[in-house]
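Source file: upload-v8.cif (mmCIF, C-alpha atoms)
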data_start
loop_
_atom_site.label_atom_id
_atom_site.label_comp_id
_atom_site.auth_asym_id
_atom_site.auth_seq_id
_atom_site.Cartn_x
_atom_site.Cartn_y
_atom_site.Cartn_z
CA MET U 1 -18.02 3.84 -34.65
CA THR U 2 -21.59 2.54 -34.86
CA ILE U 3 -24.20 5.28 -35.19
CA PRO U 4 -27.80 4.62 -34.09
CA HIS U 5 -30.59 4.94 -36.67
CA LEU U 6 -34.05 6.49 -36.61
CA SER U 7 -36.94 4.98 -38.56
CA ALA U 8 -39.70 6.68 -40.54
CA ALA U 9 -43.29 5.48 -40.88
CA ASP U 10 -42.42 3.22 -43.83
CA GLY U 11 -39.63 1.50 -41.91
CA THR U 12 -36.78 3.27 -43.72
CA SER U 13 -34.03 4.26 -41.31
CA LEU U 14 -31.40 6.98 -41.40
CA PRO U 15 -28.31 7.53 -39.25
CA ALA U 16 -29.06 9.66 -36.20
CA ILE U 17 -26.37 12.20 -37.16
CA GLY U 18 -24.98 13.36 -40.49
CA LEU U 19 -22.28 15.56 -41.95
CA GLY U 20 -23.19 18.97 -43.34
CA THR U 21 -20.98 19.67 -46.36
CA TYR U 22 -21.81 23.29 -47.17
CA GLN U 23 -18.54 25.04 -48.13
CA LEU U 24 -16.66 21.74 -48.27
CA ASN U 25 -15.61 22.11 -51.90
CA GLY U 26 -12.80 21.08 -54.22
CA SER U 27 -9.87 18.91 -53.18
CA ALA U 28 -10.00 20.15 -49.59
CA GLY U 29 -13.66 19.18 -49.48
CA VAL U 30 -12.89 15.71 -50.83
CA ASP U 31 -10.28 15.25 -48.12
CA ALA U 32 -12.59 16.47 -45.34
CA ILE U 33 -15.53 14.35 -46.47
CA GLY U 34 -13.28 11.34 -46.94
CA HIS U 35 -12.02 11.66 -43.38
CA ALA U 36 -15.59 11.94 -42.13
CA ILE U 37 -16.49 8.69 -43.88
CA ARG U 38 -13.49 6.97 -42.32
CA ALA U 39 -14.47 8.38 -38.93
CA GLY U 40 -17.88 6.74 -39.21
CA TYR U 41 -20.27 9.23 -40.85
CA ARG U 42 -22.76 7.51 -43.11
CA LEU U 43 -25.15 10.40 -43.90
CA LEU U 44 -23.67 13.10 -46.15
CA ASP U 45 -25.75 16.21 -46.86
CA SER U 46 -25.22 18.22 -50.05
CA ALA U 47 -27.23 20.31 -52.52
CA VAL U 48 -27.05 21.61 -56.06
CA ASN U 49 -26.65 25.11 -54.64
CA TYR U 50 -23.67 24.03 -52.52
CA GLU U 51 -21.77 23.36 -55.78
CA ASN U 52 -19.99 20.40 -54.20
CA GLU U 53 -21.83 17.31 -55.43
CA GLY U 54 -18.64 16.43 -57.31
CA ALA U 55 -16.53 16.59 -54.16
CA VAL U 56 -19.02 14.46 -52.24
CA GLY U 57 -19.17 11.91 -55.04
CA ARG U 58 -15.38 11.77 -55.34
CA ALA U 59 -14.99 11.15 -51.60
CA VAL U 60 -17.61 8.40 -51.74
CA ARG U 61 -15.99 6.75 -54.76
CA GLU U 62 -12.63 6.78 -52.99
CA ALA U 63 -14.08 5.18 -49.85
CA THR U 64 -13.58 1.43 -49.65
CA GLY U 65 -16.34 -1.08 -49.02
CA VAL U 66 -18.93 1.28 -47.56
CA ARG U 67 -20.98 2.54 -50.52
CA ASP U 68 -24.10 0.61 -49.57
CA GLU U 69 -23.93 2.02 -46.04
CA LEU U 70 -23.79 5.64 -47.19
CA ILE U 71 -26.74 7.99 -47.62
CA VAL U 72 -25.63 10.60 -50.15
CA THR U 73 -28.07 13.51 -50.17
CA SER U 74 -28.66 16.37 -52.58
CA LYS U 75 -31.33 19.00 -53.03
CA LEU U 76 -33.26 20.53 -55.92
CA PRO U 77 -32.91 24.34 -56.21
CA GLY U 78 -35.93 26.60 -56.55
CA ARG U 79 -35.06 27.67 -60.10
CA HIS U 80 -35.74 24.12 -61.30
CA HIS U 81 -39.17 23.35 -59.84
CA ASP U 82 -40.65 22.86 -63.31
CA TYR U 83 -41.28 19.11 -63.76
CA ASP U 84 -39.05 18.56 -66.78
CA GLU U 85 -36.32 20.84 -65.46
CA ALA U 86 -36.42 19.06 -62.12
CA LEU U 87 -35.89 15.66 -63.73
CA THR U 88 -32.96 16.96 -65.78
CA THR U 89 -31.44 18.57 -62.69
CA ILE U 90 -31.67 15.31 -60.77
CA GLU U 91 -29.98 13.49 -63.64
CA GLU U 92 -27.21 16.08 -63.63
CA SER U 93 -26.80 15.66 -59.85
CA VAL U 94 -26.24 11.94 -60.35
CA PHE U 95 -23.79 12.60 -63.18
CA ARG U 96 -21.83 15.12 -61.10
CA THR U 97 -21.42 12.69 -58.22
CA GLY U 98 -20.20 9.96 -60.56
CA LEU U 99 -22.32 7.50 -58.60
CA ASP U 100 -24.99 5.14 -59.89
CA ARG U 101 -27.64 6.88 -57.79
CA ILE U 102 -28.26 9.51 -55.14
CA ASP U 103 -29.65 7.96 -51.99
CA LEU U 104 -31.81 10.83 -50.76
CA TYR U 105 -33.02 13.77 -52.86
CA LEU U 106 -34.85 16.72 -51.34
CA ILE U 107 -36.65 19.82 -52.59
CA HIS U 108 -34.51 22.56 -51.04
CA TRP U 109 -37.23 25.18 -50.40
CA PRO U 110 -40.97 25.23 -51.21
CA ASN U 111 -40.95 28.75 -52.70
CA PRO U 112 -44.73 29.06 -52.20
CA LYS U 113 -45.07 32.33 -54.14
CA VAL U 114 -43.85 30.55 -57.27
CA ASP U 115 -46.12 27.61 -56.33
CA ARG U 116 -44.43 24.88 -58.38
CA TYR U 117 -43.36 22.65 -55.52
CA VAL U 118 -46.05 20.05 -56.31
CA ASP U 119 -44.65 19.74 -59.85
CA ALA U 120 -41.17 19.36 -58.35
CA TRP U 121 -42.43 16.67 -55.98
CA ARG U 122 -43.96 14.74 -58.88
CA ALA U 123 -40.56 14.88 -60.58
CA LEU U 124 -38.86 13.47 -57.48
CA ILE U 125 -41.40 10.65 -57.41
CA GLU U 126 -40.63 9.88 -61.06
CA ALA U 127 -36.88 10.03 -60.38
CA ARG U 128 -37.33 7.46 -57.63
CA GLU U 129 -39.32 5.21 -59.94
CA ARG U 130 -36.54 5.47 -62.54
CA GLY U 131 -33.92 4.49 -59.98
CA LEU U 132 -32.07 7.81 -60.13
CA VAL U 133 -32.65 8.21 -56.40
CA ARG U 134 -33.55 5.77 -53.64
CA HIS U 135 -35.51 8.00 -51.28
CA ILE U 136 -37.15 11.41 -51.55
CA GLY U 137 -37.91 14.13 -49.08
CA LEU U 138 -38.14 17.83 -48.37
CA SER U 139 -36.22 20.69 -46.86
CA ASN U 140 -37.73 23.76 -45.17
CA PHE U 141 -41.33 22.71 -45.81
CA LEU U 142 -44.11 23.72 -43.44
CA PRO U 143 -46.88 21.29 -42.40
CA GLU U 144 -49.34 23.01 -44.75
CA HIS U 145 -47.00 22.38 -47.70
CA ILE U 146 -46.53 18.74 -46.73
CA ASP U 147 -50.26 18.20 -46.31
CA ARG U 148 -50.82 19.54 -49.81
CA LEU U 149 -48.18 17.29 -51.35
CA VAL U 150 -49.68 14.20 -49.75
CA ALA U 151 -53.22 15.22 -50.72
CA GLU U 152 -52.28 15.80 -54.36
CA THR U 153 -49.82 12.94 -54.92
CA GLY U 154 -50.50 10.38 -52.20
CA VAL U 155 -46.75 10.26 -51.47
CA ALA U 156 -45.31 11.37 -48.14
CA PRO U 157 -41.70 12.46 -47.67
CA LEU U 158 -39.21 10.31 -45.82
CA VAL U 159 -37.64 13.35 -44.21
CA ASN U 160 -37.96 17.11 -43.84
CA GLN U 161 -34.76 19.06 -43.19
CA ILE U 162 -35.52 22.22 -41.20
CA GLU U 163 -33.75 24.81 -39.08
CA VAL U 164 -33.47 23.47 -35.52
CA HIS U 165 -31.22 24.65 -32.69
CA PRO U 166 -31.80 25.72 -29.07
CA TYR U 167 -32.76 29.27 -30.02
CA PHE U 168 -35.28 27.84 -32.51
CA PRO U 169 -36.38 24.46 -31.12
CA GLN U 170 -39.46 24.01 -33.37
CA GLN U 171 -41.38 21.83 -30.92
CA GLU U 172 -44.70 22.11 -32.78
CA ALA U 173 -43.04 21.14 -36.03
CA LEU U 174 -41.37 18.15 -34.36
CA ASP U 175 -44.73 17.03 -32.99
CA TYR U 176 -46.29 17.24 -36.46
CA HIS U 177 -43.52 15.23 -38.10
CA ARG U 178 -43.53 12.60 -35.38
CA GLU U 179 -47.31 12.22 -35.71
CA HIS U 180 -46.93 11.66 -39.47
CA GLY U 181 -43.89 9.39 -39.30
CA ILE U 182 -41.59 11.86 -41.07
CA LEU U 183 -37.99 12.06 -39.91
CA VAL U 184 -36.60 15.50 -39.07
CA GLN U 185 -33.09 16.59 -39.95
CA GLY U 186 -31.77 19.79 -38.37
CA TRP U 187 -29.64 22.25 -40.31
CA SER U 188 -27.35 24.66 -38.48
CA PRO U 189 -27.84 22.49 -35.38
CA LEU U 190 -25.20 24.41 -33.44
CA GLY U 191 -26.66 27.80 -34.29
CA HIS U 192 -24.05 28.99 -36.77
CA GLY U 193 -22.91 32.54 -36.07
CA ASN U 194 -24.65 33.01 -32.73
CA ASP U 195 -23.56 32.67 -29.10
CA LEU U 196 -25.19 29.34 -28.27
CA ARG U 197 -21.96 27.59 -27.41
CA GLN U 198 -21.19 30.27 -24.83
CA HIS U 199 -24.63 30.27 -23.21
CA PRO U 200 -24.33 29.71 -19.44
CA VAL U 201 -27.19 27.17 -19.33
CA ILE U 202 -25.52 25.01 -21.94
CA ALA U 203 -22.07 25.54 -20.40
CA GLU U 204 -23.34 24.37 -16.99
CA ILE U 205 -24.91 21.23 -18.45
CA ALA U 206 -21.77 20.52 -20.48
CA ALA U 207 -19.62 20.82 -17.37
CA ALA U 208 -21.90 18.42 -15.48
CA HIS U 209 -21.30 15.77 -18.14
CA GLY U 210 -17.65 16.58 -18.79
CA VAL U 211 -18.23 17.31 -22.47
CA SER U 212 -18.05 20.32 -24.77
CA THR U 213 -20.93 22.72 -25.28
CA ALA U 214 -21.15 21.64 -28.94
CA GLN U 215 -21.49 18.01 -27.86
CA THR U 216 -24.17 19.04 -25.37
CA ILE U 217 -26.20 20.76 -28.07
CA LEU U 218 -25.88 17.75 -30.37
CA ALA U 219 -26.94 15.46 -27.51
CA TRP U 220 -30.01 17.68 -27.08
CA HIS U 221 -30.88 17.07 -30.74
CA VAL U 222 -30.42 13.33 -30.31
CA ALA U 223 -32.64 13.32 -27.21
CA ARG U 224 -35.39 15.03 -29.25
CA GLN U 225 -34.99 12.57 -32.16
CA VAL U 226 -33.75 15.26 -34.53
CA ILE U 227 -30.96 14.20 -36.91
CA PRO U 228 -28.37 17.00 -36.64
CA LEU U 229 -26.18 17.83 -39.64
CA PRO U 230 -23.19 19.68 -38.17
CA LYS U 231 -20.60 20.87 -40.67
CA ALA U 232 -17.01 20.18 -39.71
CA ALA U 233 -13.88 20.18 -41.86
CA SER U 234 -11.51 19.45 -38.97
CA PRO U 235 -10.97 15.73 -38.30
CA GLN U 236 -10.93 16.44 -34.58
CA ARG U 237 -14.27 18.24 -34.69
CA GLN U 238 -15.78 15.52 -36.86
CA VAL U 239 -14.87 12.87 -34.30
CA GLU U 240 -16.00 15.05 -31.40
CA ASN U 241 -19.39 15.60 -33.05
CA LEU U 242 -19.89 11.85 -33.43
CA ALA U 243 -19.14 11.14 -29.77
CA VAL U 244 -22.51 12.26 -28.43
CA PHE U 245 -24.60 9.12 -28.18
CA ASP U 246 -23.41 8.22 -24.70
CA ILE U 247 -24.28 11.65 -23.30
CA ALA U 248 -27.45 10.99 -21.30
CA LEU U 249 -29.09 14.34 -20.74
CA THR U 250 -31.83 14.31 -18.13
CA ASP U 251 -35.35 15.36 -19.09
CA ALA U 252 -34.85 18.51 -17.04
CA GLN U 253 -31.65 19.34 -18.93
CA VAL U 254 -33.35 18.81 -22.29
CA GLU U 255 -36.20 21.06 -21.18
CA ALA U 256 -33.79 23.73 -19.92
CA ILE U 257 -32.06 23.87 -23.32
CA THR U 258 -35.39 23.88 -25.18
CA ALA U 259 -36.50 26.79 -22.99
CA LEU U 260 -33.79 28.92 -24.61
CA GLY U 261 -36.02 29.20 -27.68
CA ARG U 262 -36.86 32.68 -28.90
CA SER U 263 -39.69 34.04 -31.02
CA ASP U 264 -37.05 35.60 -33.29
CA GLY U 265 -34.72 32.63 -33.04
CA ARG U 266 -34.25 31.98 -36.76
CA LEU U 267 -30.67 32.61 -37.82
CA SER U 268 -31.49 34.59 -40.97
CA ASP U 269 -35.25 35.19 -40.81
CA GLN U 270 -35.80 32.49 -43.45
CA ASN U 271 -39.47 31.74 -42.85
CA PRO U 272 -40.54 29.13 -45.45
CA ALA U 273 -43.98 30.73 -45.63
CA VAL U 274 -42.48 33.69 -47.47
CA TYR U 275 -38.76 33.08 -48.02
CA GLU U 276 -37.68 32.15 -51.54
CA GLU U 277 -34.37 30.64 -52.64
CA PHE U 278 -33.47 29.86 -56.22
#
Represent the structure from my file as structure tokens, please.
Amino acid sequence: MTIPHLSAADGTSLPAIGLGTYQLNGSAGVDAIGHAIRAGYRLLDSAVNYENEGAVGRAVREATGVRDELIVTSKLPGRHHDYDEALTTIEESVFRTGLDRIDLYLIHWPNPKVDRYVDAWRALIEARERGLVRHIGLSNFLPEHIDRLVAETGVAPLVNQIEVHPYFPQQEALDYHREHGILVQGWSPLGHGNDLRQHPVIAEIAAAHGVSTAQTILAWHVARQVIPLPKAASPQRQVENLAVFDIALTDAQVEAITALGRSDGRLSDQNPAVYEEF
């Protein structure tokens, strides 16, 4: 299966959908990720805090003839924002994967109260210059944090991975990223743990297209140029989640799903302005 790509301001492109690997650990995780690669996934999302960089790396090493097509991602935890600690952590991420590099490395959360995210960003820049990673970006950063990074380092992120789903559509954030040529990845794109997939608006649109409600939500992300990162261990679900690029939602349908947004739509009240994760 050929997956479309989206391009950032510098011309770098990423697949328009990826695989979330949170809780895909150990041998079962290797098997699930390996199947996803064979099914056509080329963007694999991991993090130090997921404790599965080894499983991701093993699945990639076992894949045949596709390494240069794959975007293996990991993320720096908040406890290692110190410059030297960040560089060591990135090295350890590479070692754990068993690969020669990590393709995309992100700062997992800005942790603004600690206020070391600029130091961490400088470390990611250095890691890129050393060839430890190919591309660098952010996760859960607000526009004010990104503006500061660019002002102090002159280096913009390739991507920012943020919470996006129909109950939290983040239109203003999407507008900001589009204006600055930064790609947006969406975590928990199907609204993990809530009732999105049973919502009557989404169910009606899904029925009109003859697809599942999950596919409808993913098609909504694609229509808004958000790169969704759905987690799926089941081979059937993995394939189903990939089969969304021929679902042509109308503008009215996209707007109807976006209108489901709520002021309290975050899944766990993780506002990056105050939330801290280490």
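When the distance limit is 9 Å and only C-alpha atoms are what count, the residues near Glu204 in chain U, minus those fewer than 5 positions from it on the same chain, are U:His199, U:His209, U:Thr213.
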Between CA of Gly29 in chain U and CA of Ala232 in chain U, what is the spacing in Å?
10.4 Å
Counting all atoms listed in the file, which of U:Pro235, U:Gly78, U:Gly18, U:Gly11 gets nearest to Pro110 in chain U?
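Of the candidates, the smallest distance to Pro110 in chain U is held by U:Gly78.
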In Å, rounded to a single decimal, give me how far CA of Gln161 in chain U is from CA of Leu106 in chain U.
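Taking CA of Leu106 in chain U as the start and CA of Gln161 in chain U as the end point, the length is 8.5 Å.
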Excluding Val211 in chain U and any residue of its chain fewer than 6 positions from it, enumerate the residues within 9 Å of it, using all atoms listed in the file, and give them as a VMD selection string.
chain U and resid 205 244 247
Between U:Arg61, U:Arg116, U:His180, U:His221, single out the one closest to Val164 in chain U, counting all atoms listed in the file.
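Among U:Arg61, U:Arg116, U:His180, U:His221, it is U:His221 that comes nearest to Val164 in chain U.
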Point-to-point distance from CA of Ala233 in chain U to CA of Ser7 in chain U, Å rounded to tenths
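Value for the CA of Ala233 in chain U-CA of Ser7 in chain U distance: 27.8 Å.
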Would you pick out the contacts of Thr97 in chain U at 7 Å or less, using only C-alpha atoms, so that residues sharing its chain but fewer than 3 positions from it are not included, and give the list as number ranges by chain?
U: 53-54, 56-58, 93-94
Got a sec: who's within 8 Å of Ile146 in chain U, counting all atoms listed in the file, leaving out chain neighbours fewer than 4 positions off, as a list in words?
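Residues meeting the cut-off are Phe141, Leu142, Val150, Ala156 and Pro157 of chain U.
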Protein and nucleic acid residues near (-25.7, 8.5, -29.2) (cut-off 8 Å, only C-alpha atoms) as a ChimeraX atom specification
/U:3-4,16,219,222,242-247
Residues just named, written with C-alpha atoms as a compact mmCIF listing (two decimals), in the frame of the given file:
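Here's the written file part00.txt:
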# COMPACT_ATOMS: atom_id res chain seq x y z
CA ILE U 3 -24.20 5.28 -35.19
CA PRO U 4 -27.80 4.62 -34.09
CA ALA U 16 -29.06 9.66 -36.20
CA ALA U 219 -26.94 15.46 -27.51
CA VAL U 222 -30.42 13.33 -30.31
CA LEU U 242 -19.89 11.85 -33.43
CA ALA U 243 -19.14 11.14 -29.77
CA VAL U 244 -22.51 12.26 -28.43
CA PHE U 245 -24.60 9.12 -28.18
CA ASP U 246 -23.41 8.22 -24.70
CA ILE U 247 -24.28 11.65 -23.30
Selection result of the PyMOL selection byres ((chain U and resi 42) around 12) on this file, as a VMD selection string
chain U and resid 1 to 5 13 to 20 33 to 41 43 to 45 60 63 66 to 73 103 229 242
Report the residues retrieved by the PyMOL selection byres ((chain U and resi 127) around 12) from the displayed file, expressed as a PyMOL selection string.
chain U and resi 76+83-94+101-106+120-126+128-136
Hits from the PyMOL selection byres ((chain U and resi 267) around 8), listed as a PDB file with C-alpha atoms, in the coordinates of the input:
ATOM      1  CA  GLY U 191     -26.660  27.800 -34.290  1.00  0.00           C
ATOM      2  CA  HIS U 192     -24.050  28.990 -36.770  1.00  0.00           C
ATOM      3  CA  GLY U 193     -22.910  32.540 -36.070  1.00  0.00           C
ATOM      4  CA  ASN U 194     -24.650  33.010 -32.730  1.00  0.00           C
ATOM      5  CA  GLY U 265     -34.720  32.630 -33.040  1.00  0.00           C
ATOM      6  CA  ARG U 266     -34.250  31.980 -36.760  1.00  0.00           C
ATOM      7  CA  SER U 268     -31.490  34.590 -40.970  1.00  0.00           C
ATOM      8  CA  ASP U 269     -35.250  35.190 -40.810  1.00  0.00           C
ATOM      9  CA  GLN U 270     -35.800  32.490 -43.450  1.00  0.00           C
TER      10      GLN U 270
END
Using only C-alpha atoms, which residues sit within 10 Å of Glu172 in chain U once same-chain residues fewer than 5 positions away are excluded, as a list in words?
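Answer for this query is Pro143, His177 and Arg178 of chain U.
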Generate the output file for the selected residues, C-alpha atoms, as a PDB file, in the coordinates of the input.
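The resulting selection37.pdb:
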ATOM      1  CA  PRO U 143     -46.880  21.290 -42.400  1.00  0.00           C
ATOM      2  CA  HIS U 177     -43.520  15.230 -38.100  1.00  0.00           C
ATOM      3  CA  ARG U 178     -43.530  12.600 -35.380  1.00  0.00           C
TER       4      ARG U 178
END
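Of the residues under consideration (U:Gln215, U:Gln170, U:Thr258, U:Gln253), U:Gln215 shows the shortest atom-to-atom contact distance to Asn241 in chain U when counting only C-alpha atoms.
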Proximity to Leu190 in chain U - best of U:Val114, U:Ala207, U:Leu6, U:Leu218, all atoms listed in the file
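Counting all atoms listed in the file, the residue closest to Leu190 in chain U is U:Leu218.
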May I ask which of the residues U:Pro189, U:Thr216, U:Thr153, U:Ala259 is the closest one to Ala203 in chain U, counting all atoms listed in the file?
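So, comparing all the options, the nearest one is U:Thr216.
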Let me make sure I understand: among U:Leu149, U:Pro230, U:Leu138, U:Ile182, which one has the smallest atom-to-atom distance to Asp115 in chain U if we use only C-alpha atoms?
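Between U:Leu149, U:Pro230, U:Leu138, U:Ile182, the residue approaching Asp115 in chain U most closely is U:Leu149.
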